[in-house]
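Dumped start-v1.csv below, it's CSV, C-alpha atoms:
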```
chain,number,residue,atom,x,y,z
S,81,MET,CA,-28.5,-1.8,-91.2
S,82,LYS,CA,-29.6,0.3,-88.2
S,83,GLY,CA,-32.8,-1.7,-88.2
S,84,MET,CA,-30.9,-4.9,-87.9
S,85,GLU,CA,-29.0,-3.5,-85.0
S,86,VAL,CA,-32.3,-2.6,-83.3
S,87,LEU,CA,-33.6,-6.1,-84.0
S,88,ARG,CA,-30.3,-7.7,-82.7
S,89,ARG,CA,-30.3,-5.6,-79.5
S,90,SER,CA,-34.0,-6.4,-78.8
S,91,SER,CA,-33.3,-10.1,-79.4
S,92,VAL,CA,-30.3,-10.1,-77.1
S,93,PHE,CA,-32.4,-8.4,-74.4
S,94,ALA,CA,-35.2,-11.0,-74.9
S,95,ALA,CA,-32.6,-13.8,-74.6
S,96,GLU,CA,-31.2,-12.3,-71.4
S,97,VAL,CA,-34.7,-12.0,-69.9
S,98,MET,CA,-35.5,-15.6,-70.8
S,99,GLU,CA,-32.2,-16.8,-69.3
S,100,VAL,CA,-33.2,-15.2,-66.0
S,101,PHE,CA,-36.4,-17.2,-65.9
S,102,ASP,CA,-34.9,-20.2,-67.6
S,103,ARG,CA,-38.1,-21.1,-69.4
S,104,SER,CA,-39.6,-20.9,-72.9
S,105,PRO,CA,-41.5,-17.8,-73.8
S,106,THR,CA,-45.3,-18.0,-73.8
S,107,ASP,CA,-47.3,-17.2,-76.9
S,108,LYS,CA,-48.4,-13.9,-75.4
S,109,GLU,CA,-44.8,-12.9,-74.7
S,110,LEU,CA,-43.7,-13.8,-78.2
S,111,VAL,CA,-46.5,-11.6,-79.7
S,112,SER,CA,-45.7,-8.8,-77.3
S,113,GLN,CA,-42.0,-9.0,-78.2
S,114,ALA,CA,-43.0,-9.1,-81.9
S,115,LYS,CA,-45.0,-5.9,-81.5
S,116,THR,CA,-42.2,-4.2,-79.5
S,117,LEU,CA,-39.6,-5.2,-82.2
S,118,CYS,CA,-41.9,-3.8,-84.9
S,119,ARG,CA,-42.6,-0.6,-83.0
S,120,ASP,CA,-38.8,-0.1,-82.4
S,121,TYR,CA,-37.9,-0.9,-85.9
S,122,ILE,CA,-40.5,1.5,-87.3
S,123,HIS,CA,-39.3,4.2,-85.0
S,124,SER,CA,-35.8,3.6,-86.2
S,125,ARG,CA,-36.8,3.8,-89.8
S,126,LEU,CA,-38.7,7.0,-89.2
S,127,ASN,CA,-35.7,8.5,-87.5
S,128,ARG,CA,-33.4,7.5,-90.3
S,129,ALA,CA,-35.8,9.0,-92.8
S,130,GLY,CA,-35.8,12.3,-90.8
S,131,ILE,CA,-39.5,12.1,-90.0
S,132,GLY,CA,-40.8,12.9,-86.5
S,133,TRP,CA,-43.4,10.7,-85.0
S,134,SER,CA,-45.3,11.7,-81.9
S,135,LYS,CA,-47.0,8.3,-81.4
S,136,PRO,CA,-50.6,9.6,-81.8
S,137,GLU,CA,-53.6,7.9,-80.3
S,138,HIS,CA,-55.2,5.0,-81.9
S,139,GLY,CA,-58.1,6.2,-83.9
S,140,VAL,CA,-57.6,5.7,-87.6
S,141,SER,CA,-58.1,2.2,-88.7
S,142,ALA,CA,-56.7,0.9,-91.9
S,143,PRO,CA,-57.2,-2.5,-93.4
S,144,GLY,CA,-54.2,-4.8,-92.8
S,145,SER,CA,-55.0,-6.8,-95.8
S,146,ALA,CA,-52.0,-5.6,-97.8
S,147,LEU,CA,-49.5,-6.5,-95.1
S,148,GLY,CA,-51.4,-9.8,-94.5
S,149,GLU,CA,-51.1,-10.6,-98.2
S,150,VAL,CA,-47.4,-9.8,-98.3
S,151,SER,CA,-46.9,-11.9,-95.2
S,152,SER,CA,-48.7,-14.9,-96.7
S,153,VAL,CA,-46.9,-14.8,-100.0
S,154,LEU,CA,-43.5,-14.3,-98.3
S,155,LEU,CA,-43.9,-17.2,-96.0
S,156,TRP,CA,-45.8,-19.5,-98.4
S,157,LEU,CA,-42.9,-21.9,-98.9
S,158,GLY,CA,-41.7,-21.9,-95.3
S,159,VAL,CA,-40.5,-19.6,-92.6
S,160,THR,CA,-36.9,-18.5,-92.3
S,161,TRP,CA,-35.3,-15.7,-90.3
S,162,GLY,CA,-34.5,-13.9,-93.6
S,163,LYS,CA,-38.2,-13.9,-94.5
S,164,VAL,CA,-39.2,-12.7,-91.0
S,165,VAL,CA,-36.7,-9.8,-91.3
S,166,SER,CA,-38.0,-9.0,-94.8
S,167,LEU,CA,-41.5,-8.8,-93.4
S,168,TYR,CA,-40.4,-6.3,-90.8
S,169,ALA,CA,-38.7,-4.3,-93.5
S,170,VAL,CA,-42.0,-4.2,-95.5
S,171,ALA,CA,-43.8,-3.1,-92.4
S,172,GLY,CA,-41.2,-0.4,-91.7
S,173,ALA,CA,-41.4,0.9,-95.3
S,174,LEU,CA,-45.2,0.9,-95.2
S,175,ALA,CA,-45.1,2.9,-91.9
S,176,VAL,CA,-42.7,5.5,-93.3
S,177,ASP,CA,-45.0,6.0,-96.3
S,178,CYS,CA,-48.0,6.3,-94.1
S,179,VAL,CA,-46.4,9.0,-91.9
S,180,ARG,CA,-45.1,10.8,-95.0
S,181,HIS,CA,-48.6,11.0,-96.4
S,182,GLY,CA,-50.0,12.4,-93.2
S,183,HIS,CA,-51.5,9.2,-91.6
S,184,PRO,CA,-49.3,8.5,-88.6
S,185,ALA,CA,-52.0,6.7,-86.6
S,186,ILE,CA,-51.9,3.9,-89.1
S,187,VAL,CA,-48.5,3.0,-87.7
S,188,HIS,CA,-50.4,1.5,-84.7
S,189,THR,CA,-52.5,-0.6,-87.1
S,190,ILE,CA,-49.3,-1.9,-88.8
S,191,VAL,CA,-47.8,-2.9,-85.4
S,192,ASP,CA,-51.1,-4.6,-84.4
S,193,CYS,CA,-51.2,-6.4,-87.8
S,194,MET,CA,-47.7,-7.7,-87.3
S,195,GLY,CA,-48.6,-8.9,-83.8
S,196,GLU,CA,-51.7,-10.7,-85.1
S,197,PHE,CA,-49.7,-12.2,-87.9
S,198,VAL,CA,-47.1,-13.5,-85.5
S,199,ARG,CA,-49.8,-14.9,-83.2
S,200,LYS,CA,-51.5,-16.7,-86.1
S,201,SER,CA,-48.5,-17.8,-88.2
S,202,LEU,CA,-45.2,-17.6,-86.4
S,203,VAL,CA,-45.7,-18.4,-82.7
S,204,SER,CA,-45.1,-22.1,-83.0
S,205,TRP,CA,-42.1,-21.6,-85.3
S,206,LEU,CA,-40.6,-19.1,-82.8
S,207,ARG,CA,-41.3,-21.4,-79.8
S,208,ARG,CA,-39.4,-24.3,-81.5
S,209,ARG,CA,-36.4,-22.0,-81.8
S,210,GLY,CA,-36.6,-20.7,-78.3
S,211,GLY,CA,-38.0,-17.3,-79.1
S,212,TRP,CA,-36.7,-14.2,-80.9
S,213,ALA,CA,-33.2,-14.6,-79.5
S,214,ASP,CA,-32.5,-17.4,-82.0
S,215,ILE,CA,-32.1,-14.7,-84.7
S,216,THR,CA,-28.7,-13.8,-83.2
S,217,LYS,CA,-27.3,-17.0,-84.6
S,218,CYS,CA,-28.1,-15.8,-88.1
S,219,VAL,CA,-27.0,-12.2,-87.9
S,220,VAL,CA,-23.6,-11.5,-89.5
S,221,ASN,CA,-21.3,-9.0,-87.7
S,222,THR,CA,-21.0,-5.9,-89.9
S,223,ASP,CA,-18.9,-4.1,-87.3
S,224,PRO,CA,-16.2,-2.2,-89.3
S,225,SER,CA,-13.9,-2.4,-86.3
S,226,PHE,CA,-10.2,-3.3,-86.6
S,227,HIS,CA,-10.7,-7.0,-85.8
S,228,SER,CA,-13.2,-7.6,-88.7
S,229,HIS,CA,-10.8,-6.3,-91.4
S,230,TRP,CA,-9.5,-8.9,-93.8
S,231,LEU,CA,-5.9,-7.6,-93.5
S,232,VAL,CA,-5.9,-8.4,-89.8
S,233,SER,CA,-7.0,-12.0,-90.5
S,234,ALA,CA,-4.3,-12.3,-93.2
S,235,ALA,CA,-1.6,-10.9,-90.8
S,236,CYS,CA,-2.7,-13.3,-88.1
S,237,SER,CA,-2.7,-16.3,-90.5
S,238,TRP,CA,0.8,-15.3,-91.7
S,239,GLY,CA,2.0,-15.1,-88.0
S,240,HIS,CA,0.6,-18.6,-87.3
S,241,TYR,CA,2.4,-19.9,-90.4
S,242,LEU,CA,5.7,-18.3,-89.4
S,243,LYS,CA,5.3,-19.8,-85.9
S,244,ALA,CA,4.6,-23.2,-87.3
S,245,VAL,CA,7.7,-23.0,-89.6
S,246,PHE,CA,9.9,-21.8,-86.7
S,247,PHE,CA,8.8,-24.7,-84.5
S,248,HIS,CA,9.2,-27.2,-87.3
S,249,LEU,CA,12.8,-25.9,-88.0
S,250,LEU,CA,13.5,-25.9,-84.3
S,251,ARG,CA,12.4,-29.5,-84.0
S,252,GLU,CA,14.7,-30.6,-86.8
S,253,LYS,CA,17.8,-29.3,-85.0
```

When written as structure tokens, how does the structure in this file appear?
Amino acid sequence: MKGMEVLRRSSVFAAEVMEVFDRSPTDKELVSQAKTLCRDYIHSRLNRAGIGWSKPEHGVSAPGSALGEVSSVLLWLGVTWGKVVSLYAVAGALAVDCVRHGHPAIVHTIVDCMGEFVRKSLVSWLRRRGGWADITKCVVNTDPSFHSHWLVSAACSWGHYLKAVFFHLLREK
């Protein structure tokens, strides 16, 4: 879920930036944001896996065909936020495997492939939704704080019920 938190924070930041300028994001901005989201998510996954990553120079190139094929199959019947998030999860898992097997430079290729895929296949879909910030409408709050506990909701509901009964009885007198 830490990856979702990174995605949510990045999306909120993008929304705040767009509100300042009060305009729709350009294609270039959407692709740049996609690559930043991907890079941040991969970094989060690597940290969670306990793998250090020194962000090496570009140099090793790897075919992005596997990620491209997964992308095409995943989005074949239409685009949803769930599918987009799943695609980022696949990219993150692929990056973790590459770093574990001693090929950290391929992470840059994965990020570039995600950016290219967004440019070719998702930009118009993202633009119709106002950009990456739209995902915040779909993210469920998983905060284990006091307010999200079911017992608090039940107690509040019971309190409202008692208040309604009290005012009903008061009205009858």

For this session: Pick out the residues sitting within 12 Å of S:Ala129, and hand them over as a PyMOL selection string; count all atoms listed in the file, and ignore anything fewer than 3 positions along from it in its own chain.
Result: chain S and resi 82+122-126+132-133+172-173+175-177+179-180

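Interatomic distance, atom CA of S:Cys193 against atom CA of S:Asn127: 21.5 Å.
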
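Minimum distance to S:Ser151 across S:Lys108, S:Arg207, S:Lys115, S:Lys200 (counting all atoms listed in the file) occurs at S:Lys200.
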
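Atom CA of S:Ala213 is found 15.8 Å from atom CA of S:Val159.
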
Problem set entry | Point-to-point distance in Å for atom CA of S:Ser104 and atom CA of S:Gly211 | 7.3 Å

For this session: Would you kindly identify which residues have an atom no farther than 6 Å from (-48.2, -3.6, -84.6), using only C-alpha atoms and the file's own coordinates, and write them out as a PyMOL selection string?
Result: chain S and resi 115+188-195

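In terms of minimum interatomic distance to S:Ile186, S:Arg119 ranks closest within S:Thr106, S:Val165, S:Arg119, S:Gly210, counting only C-alpha atoms.
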
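Among S:Ile131, S:Val198, S:Val187, S:Gln113, the residue with the shortest atom-to-atom distance to S:Leu155, counting all atoms listed in the file, is S:Val198.
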
Would you pull stretch 163-191 of chain S out of the block just shown and save N, CA, C and O atoms as a PDB file, in the first residue's frame?
```
ATOM      1  N   LYS S 163      -6.571  -0.489 -13.826  1.00  0.00           N
ATOM      2  CA  LYS S 163      -5.636  -1.068 -14.797  1.00  0.00           C
ATOM      3  C   LYS S 163      -4.350  -0.254 -14.877  1.00  0.00           C
ATOM      4  O   LYS S 163      -3.256  -0.806 -15.017  1.00  0.00           O
ATOM      5  N   VAL S 164      -4.468   1.060 -14.778  1.00  0.00           N
ATOM      6  CA  VAL S 164      -3.271   1.913 -14.811  1.00  0.00           C
ATOM      7  C   VAL S 164      -2.395   1.624 -13.586  1.00  0.00           C
ATOM      8  O   VAL S 164      -1.182   1.463 -13.699  1.00  0.00           O
ATOM      9  N   VAL S 165      -3.019   1.525 -12.417  1.00  0.00           N
ATOM     10  CA  VAL S 165      -2.281   1.216 -11.202  1.00  0.00           C
ATOM     11  C   VAL S 165      -1.641  -0.168 -11.318  1.00  0.00           C
ATOM     12  O   VAL S 165      -0.491  -0.372 -10.908  1.00  0.00           O
ATOM     13  N   SER S 166      -2.370  -1.122 -11.895  1.00  0.00           N
ATOM     14  CA  SER S 166      -1.822  -2.467 -12.089  1.00  0.00           C
ATOM     15  C   SER S 166      -0.593  -2.429 -12.982  1.00  0.00           C
ATOM     16  O   SER S 166       0.385  -3.149 -12.747  1.00  0.00           O
ATOM     17  N   LEU S 167      -0.633  -1.609 -13.995  1.00  0.00           N
ATOM     18  CA  LEU S 167       0.507  -1.478 -14.899  1.00  0.00           C
ATOM     19  C   LEU S 167       1.731  -0.933 -14.152  1.00  0.00           C
ATOM     20  O   LEU S 167       2.852  -1.415 -14.348  1.00  0.00           O
ATOM     21  N   TYR S 168       1.511   0.043 -13.277  1.00  0.00           N
ATOM     22  CA  TYR S 168       2.608   0.555 -12.468  1.00  0.00           C
ATOM     23  C   TYR S 168       3.136  -0.531 -11.528  1.00  0.00           C
ATOM     24  O   TYR S 168       4.339  -0.616 -11.284  1.00  0.00           O
ATOM     25  N   ALA S 169       2.248  -1.380 -11.001  1.00  0.00           N
ATOM     26  CA  ALA S 169       2.674  -2.474 -10.131  1.00  0.00           C
ATOM     27  C   ALA S 169       3.556  -3.456 -10.903  1.00  0.00           C
ATOM     28  O   ALA S 169       4.568  -3.943 -10.376  1.00  0.00           O
ATOM     29  N   VAL S 170       3.186  -3.748 -12.141  1.00  0.00           N
ATOM     30  CA  VAL S 170       3.992  -4.646 -12.977  1.00  0.00           C
ATOM     31  C   VAL S 170       5.365  -4.017 -13.240  1.00  0.00           C
ATOM     32  O   VAL S 170       6.397  -4.683 -13.127  1.00  0.00           O
ATOM     33  N   ALA S 171       5.371  -2.727 -13.561  1.00  0.00           N
ATOM     34  CA  ALA S 171       6.642  -2.035 -13.814  1.00  0.00           C
ATOM     35  C   ALA S 171       7.513  -2.046 -12.563  1.00  0.00           C
ATOM     36  O   ALA S 171       8.730  -2.277 -12.644  1.00  0.00           O
ATOM     37  N   GLY S 172       6.906  -1.831 -11.406  1.00  0.00           N
ATOM     38  CA  GLY S 172       7.657  -1.842 -10.156  1.00  0.00           C
ATOM     39  C   GLY S 172       8.248  -3.213  -9.853  1.00  0.00           C
ATOM     40  O   GLY S 172       9.410  -3.327  -9.451  1.00  0.00           O
ATOM     41  N   ALA S 173       7.448  -4.259 -10.055  1.00  0.00           N
ATOM     42  CA  ALA S 173       7.940  -5.623  -9.805  1.00  0.00           C
ATOM     43  C   ALA S 173       9.063  -5.977 -10.774  1.00  0.00           C
ATOM     44  O   ALA S 173      10.057  -6.603 -10.385  1.00  0.00           O
ATOM     45  N   LEU S 174       8.916  -5.570 -12.021  1.00  0.00           N
ATOM     46  CA  LEU S 174       9.958  -5.818 -13.016  1.00  0.00           C
ATOM     47  C   LEU S 174      11.254  -5.106 -12.633  1.00  0.00           C
ATOM     48  O   LEU S 174      12.349  -5.672 -12.728  1.00  0.00           O
ATOM     49  N   ALA S 175      11.126  -3.874 -12.154  1.00  0.00           N
ATOM     50  CA  ALA S 175      12.309  -3.107 -11.738  1.00  0.00           C
ATOM     51  C   ALA S 175      13.000  -3.773 -10.547  1.00  0.00           C
ATOM     52  O   ALA S 175      14.238  -3.869 -10.521  1.00  0.00           O
ATOM     53  N   VAL S 176      12.225  -4.245  -9.586  1.00  0.00           N
ATOM     54  CA  VAL S 176      12.813  -4.925  -8.428  1.00  0.00           C
ATOM     55  C   VAL S 176      13.585  -6.161  -8.887  1.00  0.00           C
ATOM     56  O   VAL S 176      14.721  -6.399  -8.456  1.00  0.00           O
ATOM     57  N   ASP S 177      12.994  -6.943  -9.784  1.00  0.00           N
ATOM     58  CA  ASP S 177      13.674  -8.135 -10.296  1.00  0.00           C
ATOM     59  C   ASP S 177      14.963  -7.775 -11.037  1.00  0.00           C
ATOM     60  O   ASP S 177      15.982  -8.451 -10.876  1.00  0.00           O
ATOM     61  N   CYS S 178      14.908  -6.722 -11.834  1.00  0.00           N
ATOM     62  CA  CYS S 178      16.108  -6.310 -12.577  1.00  0.00           C
ATOM     63  C   CYS S 178      17.237  -5.909 -11.632  1.00  0.00           C
ATOM     64  O   CYS S 178      18.393  -6.286 -11.838  1.00  0.00           O
ATOM     65  N   VAL S 179      16.916  -5.133 -10.606  1.00  0.00           N
ATOM     66  CA  VAL S 179      17.941  -4.698  -9.657  1.00  0.00           C
ATOM     67  C   VAL S 179      18.476  -5.892  -8.877  1.00  0.00           C
ATOM     68  O   VAL S 179      19.686  -6.010  -8.662  1.00  0.00           O
ATOM     69  N   ARG S 180      17.598  -6.805  -8.475  1.00  0.00           N
ATOM     70  CA  ARG S 180      18.046  -8.006  -7.740  1.00  0.00           C
ATOM     71  C   ARG S 180      18.993  -8.856  -8.566  1.00  0.00           C
ATOM     72  O   ARG S 180      19.883  -9.502  -8.033  1.00  0.00           O
ATOM     73  N   HIS S 181      18.793  -8.871  -9.882  1.00  0.00           N
ATOM     74  CA  HIS S 181      19.642  -9.683 -10.757  1.00  0.00           C
ATOM     75  C   HIS S 181      20.847  -8.908 -11.290  1.00  0.00           C
ATOM     76  O   HIS S 181      21.504  -9.344 -12.240  1.00  0.00           O
ATOM     77  N   GLY S 182      21.109  -7.744 -10.714  1.00  0.00           N
ATOM     78  CA  GLY S 182      22.318  -7.013 -11.059  1.00  0.00           C
ATOM     79  C   GLY S 182      22.226  -6.126 -12.288  1.00  0.00           C
ATOM     80  O   GLY S 182      23.250  -5.808 -12.887  1.00  0.00           O
ATOM     81  N   HIS S 183      21.016  -5.720 -12.660  1.00  0.00           N
ATOM     82  CA  HIS S 183      20.845  -4.858 -13.834  1.00  0.00           C
ATOM     83  C   HIS S 183      20.076  -3.586 -13.465  1.00  0.00           C
ATOM     84  O   HIS S 183      19.002  -3.313 -14.007  1.00  0.00           O
ATOM     85  N   PRO S 184      20.629  -2.769 -12.569  1.00  0.00           N
ATOM     86  CA  PRO S 184      19.895  -1.578 -12.121  1.00  0.00           C
ATOM     87  C   PRO S 184      19.679  -0.530 -13.210  1.00  0.00           C
ATOM     88  O   PRO S 184      18.737   0.248 -13.134  1.00  0.00           O
ATOM     89  N   ALA S 185      20.521  -0.505 -14.229  1.00  0.00           N
ATOM     90  CA  ALA S 185      20.363   0.490 -15.293  1.00  0.00           C
ATOM     91  C   ALA S 185      19.085   0.269 -16.094  1.00  0.00           C
ATOM     92  O   ALA S 185      18.573   1.192 -16.720  1.00  0.00           O
ATOM     93  N   ILE S 186      18.555  -0.933 -16.051  1.00  0.00           N
ATOM     94  CA  ILE S 186      17.330  -1.223 -16.800  1.00  0.00           C
ATOM     95  C   ILE S 186      16.138  -0.482 -16.203  1.00  0.00           C
ATOM     96  O   ILE S 186      15.144  -0.253 -16.888  1.00  0.00           O
ATOM     97  N   VAL S 187      16.262  -0.072 -14.949  1.00  0.00           N
ATOM     98  CA  VAL S 187      15.177   0.693 -14.315  1.00  0.00           C
ATOM     99  C   VAL S 187      14.859   1.939 -15.139  1.00  0.00           C
ATOM    100  O   VAL S 187      13.689   2.288 -15.338  1.00  0.00           O
ATOM    101  N   HIS S 188      15.894   2.603 -15.650  1.00  0.00           N
ATOM    102  CA  HIS S 188      15.678   3.786 -16.491  1.00  0.00           C
ATOM    103  C   HIS S 188      14.890   3.425 -17.751  1.00  0.00           C
ATOM    104  O   HIS S 188      14.020   4.186 -18.189  1.00  0.00           O
ATOM    105  N   THR S 189      15.191   2.275 -18.304  1.00  0.00           N
ATOM    106  CA  THR S 189      14.477   1.828 -19.500  1.00  0.00           C
ATOM    107  C   THR S 189      13.012   1.573 -19.175  1.00  0.00           C
ATOM    108  O   THR S 189      12.127   1.910 -19.975  1.00  0.00           O
ATOM    109  N   ILE S 190      12.753   0.982 -18.025  1.00  0.00           N
ATOM    110  CA  ILE S 190      11.369   0.729 -17.616  1.00  0.00           C
ATOM    111  C   ILE S 190      10.616   2.045 -17.466  1.00  0.00           C
ATOM    112  O   ILE S 190       9.487   2.185 -17.950  1.00  0.00           O
ATOM    113  N   VAL S 191      11.235   3.015 -16.817  1.00  0.00           N
ATOM    114  CA  VAL S 191      10.604   4.330 -16.646  1.00  0.00           C
ATOM    115  C   VAL S 191      10.343   4.969 -18.008  1.00  0.00           C
ATOM    116  O   VAL S 191       9.260   5.508 -18.260  1.00  0.00           O
TER     117      VAL S 191
END
```
